[in-house]
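Structure below is model_38.txt: compact mmCIF, C-alpha atoms.
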```
# COMPACT_ATOMS: atom_id res chain seq x y z
CA LEU U 1 0.00 0.00 0.00
CA LYS U 2 2.89 2.35 0.76
CA ARG U 3 4.63 1.55 -2.51
CA GLU U 4 1.40 2.19 -4.45
CA GLY U 5 0.94 5.61 -2.79
CA ILE U 6 -2.22 4.63 -0.95
CA ILE U 7 -0.85 5.02 2.59
CA LYS U 8 2.15 6.47 4.35
CA PHE U 9 3.60 5.93 7.81
CA GLN U 10 3.77 8.90 10.14
CA LYS U 11 6.65 9.48 12.59
CA ASN U 12 4.55 8.11 15.46
CA GLY U 13 4.02 4.86 13.53
CA ARG U 14 0.40 5.52 12.61
CA VAL U 15 -0.86 4.81 9.14
CA LYS U 16 -2.24 7.74 7.14
CA LEU U 17 -4.48 7.20 4.13
CA ILE U 18 -3.28 9.29 1.20
CA ASN U 19 -5.83 8.21 -1.40
CA LYS U 20 -9.08 9.56 0.11
CA ASN U 21 -11.15 8.15 -2.78
CA LEU U 22 -10.84 4.73 -1.13
CA LEU U 23 -12.91 5.94 1.82
CA LYS U 24 -16.12 5.72 -0.21
CA TYR U 25 -15.67 1.93 -0.37
CA PHE U 26 -15.27 1.35 3.37
CA ILE U 27 -17.75 1.70 6.21
CA ARG U 28 -16.72 4.42 8.67
CA LYS U 29 -16.95 3.86 12.41
CA LYS U 30 -19.33 6.14 14.28
CA ASP U 31 -19.85 6.72 17.99
CA GLU U 32 -23.24 6.40 19.67
CA LYS U 33 -23.81 10.16 19.85
CA GLU U 34 -23.18 10.56 16.11
CA ILE U 35 -25.49 7.62 15.33
CA GLN U 36 -28.26 9.13 17.45
CA GLN U 37 -27.85 12.52 15.73
CA ILE U 38 -28.04 10.93 12.27
CA LEU U 39 -31.17 8.99 13.23
CA GLU U 40 -32.88 11.99 14.81
CA LYS U 41 -32.19 14.13 11.74
CA LYS U 42 -33.47 11.51 9.27
CA LEU U 43 -36.48 10.44 11.34
CA LYS U 44 -37.26 14.01 12.46
CA VAL U 45 -37.79 12.88 16.07
CA LYS U 46 -36.03 13.17 19.40
CA LEU U 47 -35.00 9.64 20.34
CA SER U 48 -35.62 8.59 23.91
CA PRO U 49 -33.08 5.90 24.94
CA GLU U 50 -35.57 3.88 27.02
CA VAL U 51 -38.29 3.60 24.35
CA PRO U 52 -38.63 0.18 22.67
CA SER U 53 -37.04 0.03 19.22
CA ASN U 54 -40.37 -0.77 17.53
CA PHE U 55 -42.14 2.31 18.95
CA ILE U 56 -40.71 4.80 16.43
CA PHE U 57 -41.79 2.67 13.47
CA GLN U 58 -45.15 1.79 15.08
CA THR U 59 -44.94 -1.97 14.86
CA LYS U 60 -46.76 -4.28 17.24
CA ILE U 61 -45.12 -7.26 18.88
CA VAL U 62 -46.43 -10.75 18.17
CA PRO U 63 -46.05 -12.94 21.28
CA LYS U 64 -46.30 -16.23 19.34
CA TYR U 65 -43.01 -15.32 17.62
CA ASP U 66 -41.36 -14.46 20.97
CA GLN U 67 -40.94 -10.85 19.91
CA LEU U 68 -39.70 -8.52 22.61
CA PRO U 69 -38.03 -5.41 21.14
CA ILE U 70 -34.98 -3.96 22.82
CA SER U 71 -34.56 -0.29 23.72
CA VAL U 72 -33.44 2.42 21.30
CA SER U 73 -30.22 2.84 23.30
CA SER U 74 -29.49 -0.89 22.85
CA VAL U 75 -30.14 -0.66 19.11
CA ILE U 76 -27.77 2.32 18.83
CA PHE U 77 -25.12 0.34 20.73
CA ILE U 78 -25.55 -2.62 18.35
CA VAL U 79 -25.38 -0.36 15.28
CA LYS U 80 -22.12 1.08 16.64
CA LYS U 81 -20.67 -2.40 17.15
CA ILE U 82 -21.62 -3.48 13.62
CA LEU U 83 -20.04 -0.33 12.15
CA ASP U 84 -16.91 -0.96 14.26
CA TYR U 85 -16.30 -4.28 12.51
CA LEU U 86 -18.07 -4.26 9.15
CA PRO U 87 -15.47 -3.30 6.52
CA VAL U 88 -17.80 -2.96 3.50
CA GLY U 89 -21.52 -2.60 3.10
CA LYS U 90 -22.42 -5.58 0.97
CA ASN U 91 -24.36 -8.72 1.86
CA PHE U 92 -25.25 -8.29 5.52
CA LEU U 93 -27.92 -10.60 6.97
CA PHE U 94 -30.52 -10.15 9.70
CA VAL U 95 -31.68 -13.51 11.07
CA GLY U 96 -34.98 -12.22 12.44
CA ASP U 97 -35.46 -8.50 13.03
CA ASP U 98 -38.29 -7.70 15.44
CA ASP U 99 -35.92 -5.10 16.94
CA LEU U 100 -35.77 -3.34 13.52
CA ILE U 101 -31.99 -3.06 13.73
CA SER U 102 -31.87 -3.26 9.93
CA LEU U 103 -33.70 0.06 9.66
CA TYR U 104 -31.56 1.80 12.27
CA LEU U 105 -28.35 0.48 10.67
CA SER U 106 -29.31 1.41 7.11
CA LEU U 107 -30.56 4.85 8.14
CA THR U 108 -27.20 5.42 9.85
CA GLU U 109 -25.14 4.02 6.96
CA PRO U 110 -27.24 3.93 3.73
CA ARG U 111 -24.50 2.16 1.74
CA ILE U 112 -25.13 -1.07 3.63
CA GLU U 113 -26.99 -3.66 1.56
CA SER U 114 -28.82 -6.21 3.66
CA LEU U 115 -31.32 -9.02 3.65
CA VAL U 116 -33.80 -9.46 6.49
CA ILE U 117 -35.30 -12.90 6.95
CA ASP U 118 -38.15 -13.39 9.37
CA ILE U 119 -41.21 -15.59 9.79
CA ASP U 120 -43.45 -12.57 10.51
CA GLU U 121 -44.80 -11.30 7.18
CA ARG U 122 -46.37 -8.22 8.79
CA LEU U 123 -42.98 -7.18 10.19
CA LEU U 124 -41.34 -7.65 6.79
CA GLU U 125 -44.00 -5.47 5.15
CA LYS U 126 -43.27 -2.71 7.68
CA ILE U 127 -39.52 -2.95 7.00
CA ASN U 128 -40.19 -2.82 3.24
CA GLY U 129 -42.36 0.27 3.66
CA VAL U 130 -39.75 2.18 5.67
CA ALA U 131 -36.99 1.01 3.31
CA ARG U 132 -38.92 2.35 0.30
CA LYS U 133 -39.64 5.65 2.03
CA PHE U 134 -35.97 6.27 2.86
CA ARG U 135 -34.55 4.46 -0.20
CA LEU U 136 -32.66 1.96 1.92
CA LYS U 137 -30.91 -1.06 0.41
CA ILE U 138 -32.86 -3.63 2.41
CA GLU U 139 -34.44 -6.74 0.93
CA THR U 140 -36.76 -8.98 2.92
CA LYS U 141 -37.71 -12.63 2.71
CA LYS U 142 -40.26 -14.60 4.69
CA LEU U 143 -38.48 -17.67 5.96
CA ASP U 144 -38.71 -20.29 8.69
CA ILE U 145 -35.07 -21.01 9.56
CA THR U 146 -35.98 -24.38 11.04
CA LYS U 147 -36.98 -25.57 7.55
CA ILE U 148 -34.11 -24.32 5.39
CA LYS U 149 -30.35 -24.64 5.88
CA LYS U 150 -28.66 -22.40 3.30
CA LEU U 151 -29.60 -19.29 1.39
CA GLU U 152 -28.60 -18.77 -2.26
CA LYS U 153 -25.76 -16.35 -1.52
CA SER U 154 -23.13 -15.89 1.17
CA PHE U 155 -22.91 -12.98 3.57
CA ILE U 156 -20.09 -10.94 5.12
CA GLY U 157 -21.90 -10.85 8.45
CA PHE U 158 -25.15 -11.30 10.31
CA VAL U 159 -26.95 -10.19 13.43
CA THR U 160 -29.53 -12.12 15.41
CA ASN U 161 -31.49 -11.62 18.62
CA PRO U 162 -32.92 -15.13 19.04
CA VAL U 163 -35.46 -16.72 21.30
CA TYR U 164 -33.85 -16.80 24.75
CA THR U 165 -33.58 -20.55 25.12
CA PHE U 166 -30.48 -22.63 24.51
CA GLU U 167 -32.15 -24.34 21.54
CA GLY U 168 -33.31 -21.00 20.11
CA ILE U 169 -29.85 -19.48 20.40
CA LYS U 170 -28.30 -22.57 18.81
CA ILE U 171 -30.72 -22.53 15.84
CA PHE U 172 -30.50 -18.80 15.10
CA LEU U 173 -26.74 -18.54 15.59
CA GLY U 174 -26.11 -21.75 13.63
CA PHE U 175 -28.22 -20.53 10.74
CA GLY U 176 -26.32 -17.22 10.63
CA VAL U 177 -22.92 -18.94 10.70
CA ASP U 178 -24.00 -21.25 7.86
CA GLN U 179 -24.66 -18.19 5.67
CA LEU U 180 -21.12 -16.81 5.92
CA GLY U 181 -18.79 -17.22 2.95
CA LYS U 182 -15.71 -19.46 2.82
CA GLU U 183 -13.55 -16.61 4.10
CA GLY U 184 -15.74 -16.22 7.19
CA GLY U 185 -17.37 -13.07 8.43
CA TYR U 186 -18.82 -11.30 11.44
CA GLY U 187 -21.58 -12.65 13.66
CA PHE U 188 -23.41 -10.46 16.16
CA LEU U 189 -25.46 -12.26 18.80
CA VAL U 190 -27.78 -10.07 20.87
CA LEU U 191 -28.73 -11.40 24.31
CA SER U 192 -30.30 -9.45 27.14
CA ASP U 193 -29.08 -9.47 30.72
CA GLU U 194 -32.12 -11.56 31.65
CA ALA U 195 -31.19 -14.20 29.05
CA ILE U 196 -27.67 -14.70 30.32
CA GLY U 197 -28.34 -14.13 34.00
```

Kindly present the structure from the file in C-alpha cells form.
Amino acid sequence: LKREGIIKFQKNGRVKLINKNLLKYFIRKKDEKEIQQILEKKLKVKLSPEVPSNFIFQTKIVPKYDQLPISVSSVIFIVKKILDYLPVGKNFLFVGDDDLISLYLSLTEPRIESLVIDIDERLLEKINGVARKFRLKIETKKLDITKIKKLEKSFIGFVTNPVYTFEGIKIFLGFGVDQLGKEGGYGFLVLSDEAIG
C-alpha cells in the first residue's frame, strides 16, 4: 500500500491514508452520539433511549413469535458495534429482526446492503415500507429457519437476537454462521441481561 501511494507511515508509527477516494468503499466507524444525531435528523424525532425500538416505526409485537423489542439505546449500541467491525456494506444478513436493527443500521449508513429474513410477514411489510420511504438497500424474505439450511448467496456478516432458550440461540446462531462465505465473516449475537443471567 505504501509503494502504491495509498498510505504512508507517520513518525509516530500511525498509518495515514493518502488516497481519500478509497474511503467511499469502506464503512466508517461512528460513535453512539453521532449515530443518534443521524437517526434523529433523518427520522425528524427526538429519540428517547428507554423507548422500545419498535415504537418509532409503530410496529406491534407478536407474542407467538417471541418478539420482545430492545430499547433504542441498545439498538444504537448494536449499530455502533456493527459499524466498528463491518469493513464494507455488501451482503449483511438479519436472522430475524423484530428489533428493527436493519432500519436503524441502514438509516445510519445507507451504503449497507442487507437481507432481512423473518417468519413474521407483517414485520417484513413494515420494514419494506420504511426502506422504500428512505430508499434503503434492504431486501426482505419470509423464511422459517428451522426448515431451510442455506440461502442462495453468502454474507459478510449477520446479526440475530434469538429466542432466549439454549435451543433458540443454537438454531439462530447456527443458521447465521452457515450463511457466511468461505472466508468467514462477522456474527453479532444479541442477548439481554435476563437471558444470560

Exercise for review: Can you work out which one of U:Lys60, U:Lys2, U:Lys24, U:Lys16 has the shortest atom-to-atom distance to Asp99 in chain U, counting all atoms listed in the file?
Suggested key: U:Lys60

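Among the candidate residues U:Leu47, U:Leu100, U:Leu115, U:Leu83, the one lying nearest to Lys141 in chain U is U:Leu115, with distances computed using only C-alpha atoms.
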
Practice item. Counting all atoms listed in the file, find the residues whose atoms lie at most 6 Å from (-17.7, -0.8, 5.4) (file coordinates) and write them out as an NGL selection string. Key: :U and (26-27 or 86-89)

Could you give me the centre and size, in Å to one decimal, of an axis-aligned box around all listed atoms of range 119-138 of chain U with 6 Å added on every side, as AutoDock Vina command-line options?
```
--center_x -38.6 --center_y -4.7 --center_z 5.2 --size_x 27.5 --size_y 33.9 --size_z 22.7
```

Exercise for review: Measuring atom to atom with all atoms listed in the file, identify which of U:Gly174, U:Glu4, U:Asp120, U:Lys137 is nearest to Ser102 in chain U.
Suggested key: U:Lys137

Review point. How many Å separate CA of Gln36 in chain U from CA of Leu107 in chain U?
Key: 10.5 Å

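Note that CA of Pro52 in chain U and CA of Gly185 in chain U are 28.8 Å apart.
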
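Closest to Lys20 in chain U among U:Val190, U:Ile38, U:Ile82, U:Ile7 is U:Ile7, based on all atoms listed in the file.
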
Practice item. Neighbourhood query: residues within 10 Å of (-26.3, 0.0, 10.1), file coordinates, counting all atoms listed in the file; return as an NGL selection string. Key: :U and (27 or 35 or 75-76 or 78-83 or 86 or 89 or 92 or 101-114)

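Residue nearest Thr160 in chain U within the list U:Tyr25, U:Ile145, U:Arg135, U:Phe94: U:Phe94 [criterion: smallest interatomic distance, all atoms listed in the file].
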
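Atom pair CA of Ile171 in chain U / CA of Ile156 in chain U has a distance of 19.0 Å (rounded to one decimal).
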
**Study point:** Selection near Phe158 in chain U, 9 Å with only C-alpha atoms, sequence-local residues under 3 positions removed, as number ranges by chain
**Key:** U: 91-95, 155, 176-177, 179-180, 185-189

Render range 117-148 of chain U from the structure in the preceding block as a file of N, CA, C and O atoms, as a short mmCIF file (atom, residue, chain, number, x, y, z; two decimals), in the first residue's frame.
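To be explicit, this is the file written out as out20.cif:
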```cif
data_model
loop_
_atom_site.label_atom_id
_atom_site.label_comp_id
_atom_site.auth_asym_id
_atom_site.auth_seq_id
_atom_site.Cartn_x
_atom_site.Cartn_y
_atom_site.Cartn_z
N ILE U 117 -34.42 -11.73 7.02
CA ILE U 117 -35.30 -12.90 6.95
C ILE U 117 -36.05 -12.99 8.28
O ILE U 117 -35.49 -12.74 9.34
N ASP U 118 -37.32 -13.29 8.18
CA ASP U 118 -38.15 -13.39 9.37
C ASP U 118 -39.38 -14.22 9.01
O ASP U 118 -39.76 -14.29 7.84
N ILE U 119 -40.00 -14.80 10.00
CA ILE U 119 -41.21 -15.59 9.79
C ILE U 119 -42.46 -14.71 9.80
O ILE U 119 -43.51 -15.09 9.32
N ASP U 120 -42.33 -13.49 10.34
CA ASP U 120 -43.45 -12.57 10.51
C ASP U 120 -43.61 -11.69 9.27
O ASP U 120 -42.88 -10.71 9.09
N GLU U 121 -44.58 -12.03 8.44
CA GLU U 121 -44.80 -11.30 7.18
C GLU U 121 -45.18 -9.84 7.42
O GLU U 121 -44.76 -8.95 6.69
N ARG U 122 -45.95 -9.58 8.45
CA ARG U 122 -46.37 -8.22 8.79
C ARG U 122 -45.16 -7.35 9.11
O ARG U 122 -45.07 -6.20 8.68
N LEU U 123 -44.21 -7.90 9.85
CA LEU U 123 -42.98 -7.18 10.19
C LEU U 123 -42.17 -6.88 8.92
O LEU U 123 -41.67 -5.77 8.75
N LEU U 124 -42.08 -7.84 8.03
CA LEU U 124 -41.34 -7.65 6.79
C LEU U 124 -41.98 -6.57 5.92
O LEU U 124 -41.28 -5.78 5.29
N GLU U 125 -43.30 -6.52 5.91
CA GLU U 125 -44.00 -5.47 5.15
C GLU U 125 -43.68 -4.10 5.72
O GLU U 125 -43.49 -3.13 4.97
N LYS U 126 -43.61 -3.99 7.04
CA LYS U 126 -43.27 -2.71 7.68
C LYS U 126 -41.84 -2.30 7.30
O LYS U 126 -41.60 -1.15 6.95
N ILE U 127 -40.90 -3.24 7.37
CA ILE U 127 -39.52 -2.95 7.00
C ILE U 127 -39.44 -2.50 5.54
O ILE U 127 -38.77 -1.53 5.22
N ASN U 128 -40.17 -3.20 4.66
CA ASN U 128 -40.19 -2.82 3.24
C ASN U 128 -40.72 -1.41 3.05
O ASN U 128 -40.18 -0.63 2.25
N GLY U 129 -41.77 -1.06 3.77
CA GLY U 129 -42.36 0.27 3.66
C GLY U 129 -41.39 1.37 4.06
O GLY U 129 -41.24 2.38 3.35
N VAL U 130 -40.72 1.18 5.19
CA VAL U 130 -39.75 2.18 5.67
C VAL U 130 -38.55 2.22 4.72
O VAL U 130 -38.05 3.30 4.40
N ALA U 131 -38.12 1.07 4.24
CA ALA U 131 -36.99 1.01 3.31
C ALA U 131 -37.30 1.77 2.02
O ALA U 131 -36.45 2.50 1.51
N ARG U 132 -38.52 1.61 1.51
CA ARG U 132 -38.92 2.35 0.30
C ARG U 132 -38.94 3.85 0.57
O ARG U 132 -38.42 4.65 -0.22
N LYS U 133 -39.51 4.23 1.70
CA LYS U 133 -39.64 5.65 2.03
C LYS U 133 -38.28 6.34 2.10
O LYS U 133 -38.11 7.46 1.62
N PHE U 134 -37.29 5.67 2.69
CA PHE U 134 -35.97 6.27 2.86
C PHE U 134 -34.95 5.79 1.82
O PHE U 134 -33.77 6.10 1.93
N ARG U 135 -35.41 5.00 0.85
CA ARG U 135 -34.55 4.46 -0.20
C ARG U 135 -33.37 3.67 0.37
O ARG U 135 -32.21 3.87 -0.01
N LEU U 136 -33.69 2.78 1.29
CA LEU U 136 -32.66 1.96 1.92
C LEU U 136 -32.46 0.68 1.12
O LEU U 136 -33.39 0.16 0.50
N LYS U 137 -31.25 0.15 1.17
CA LYS U 137 -30.91 -1.06 0.41
C LYS U 137 -31.17 -2.30 1.26
O LYS U 137 -30.26 -3.04 1.61
N ILE U 138 -32.45 -2.49 1.58
CA ILE U 138 -32.86 -3.63 2.41
C ILE U 138 -33.83 -4.48 1.60
O ILE U 138 -34.82 -3.99 1.07
N GLU U 139 -33.52 -5.76 1.51
CA GLU U 139 -34.44 -6.74 0.93
C GLU U 139 -34.99 -7.57 2.08
O GLU U 139 -34.34 -7.72 3.12
N THR U 140 -36.17 -8.12 1.89
CA THR U 140 -36.76 -8.98 2.92
C THR U 140 -37.21 -10.30 2.30
O THR U 140 -37.47 -10.38 1.10
N LYS U 141 -37.27 -11.31 3.16
CA LYS U 141 -37.71 -12.63 2.71
C LYS U 141 -38.37 -13.34 3.88
O LYS U 141 -37.77 -13.46 4.95
N LYS U 142 -39.59 -13.81 3.65
CA LYS U 142 -40.26 -14.60 4.69
C LYS U 142 -39.64 -15.99 4.69
O LYS U 142 -39.55 -16.65 3.65
N LEU U 143 -39.20 -16.41 5.88
CA LEU U 143 -38.48 -17.67 5.96
C LEU U 143 -38.57 -18.26 7.36
O LEU U 143 -38.46 -17.54 8.35
N ASP U 144 -38.77 -19.55 7.43
CA ASP U 144 -38.71 -20.29 8.69
C ASP U 144 -37.34 -20.98 8.71
O ASP U 144 -37.10 -21.93 7.97
N ILE U 145 -36.45 -20.49 9.56
CA ILE U 145 -35.07 -21.01 9.56
C ILE U 145 -34.96 -22.44 10.05
O ILE U 145 -33.91 -23.05 9.91
N THR U 146 -36.02 -22.97 10.62
CA THR U 146 -35.98 -24.38 11.04
C THR U 146 -36.22 -25.31 9.85
O THR U 146 -36.02 -26.51 9.97
N LYS U 147 -36.65 -24.73 8.71
CA LYS U 147 -36.98 -25.57 7.55
C LYS U 147 -36.04 -25.40 6.37
O LYS U 147 -36.21 -26.04 5.35
N ILE U 148 -35.07 -24.52 6.48
CA ILE U 148 -34.11 -24.32 5.39
C ILE U 148 -32.72 -24.16 6.00
O ILE U 148 -32.56 -23.58 7.07
#
```
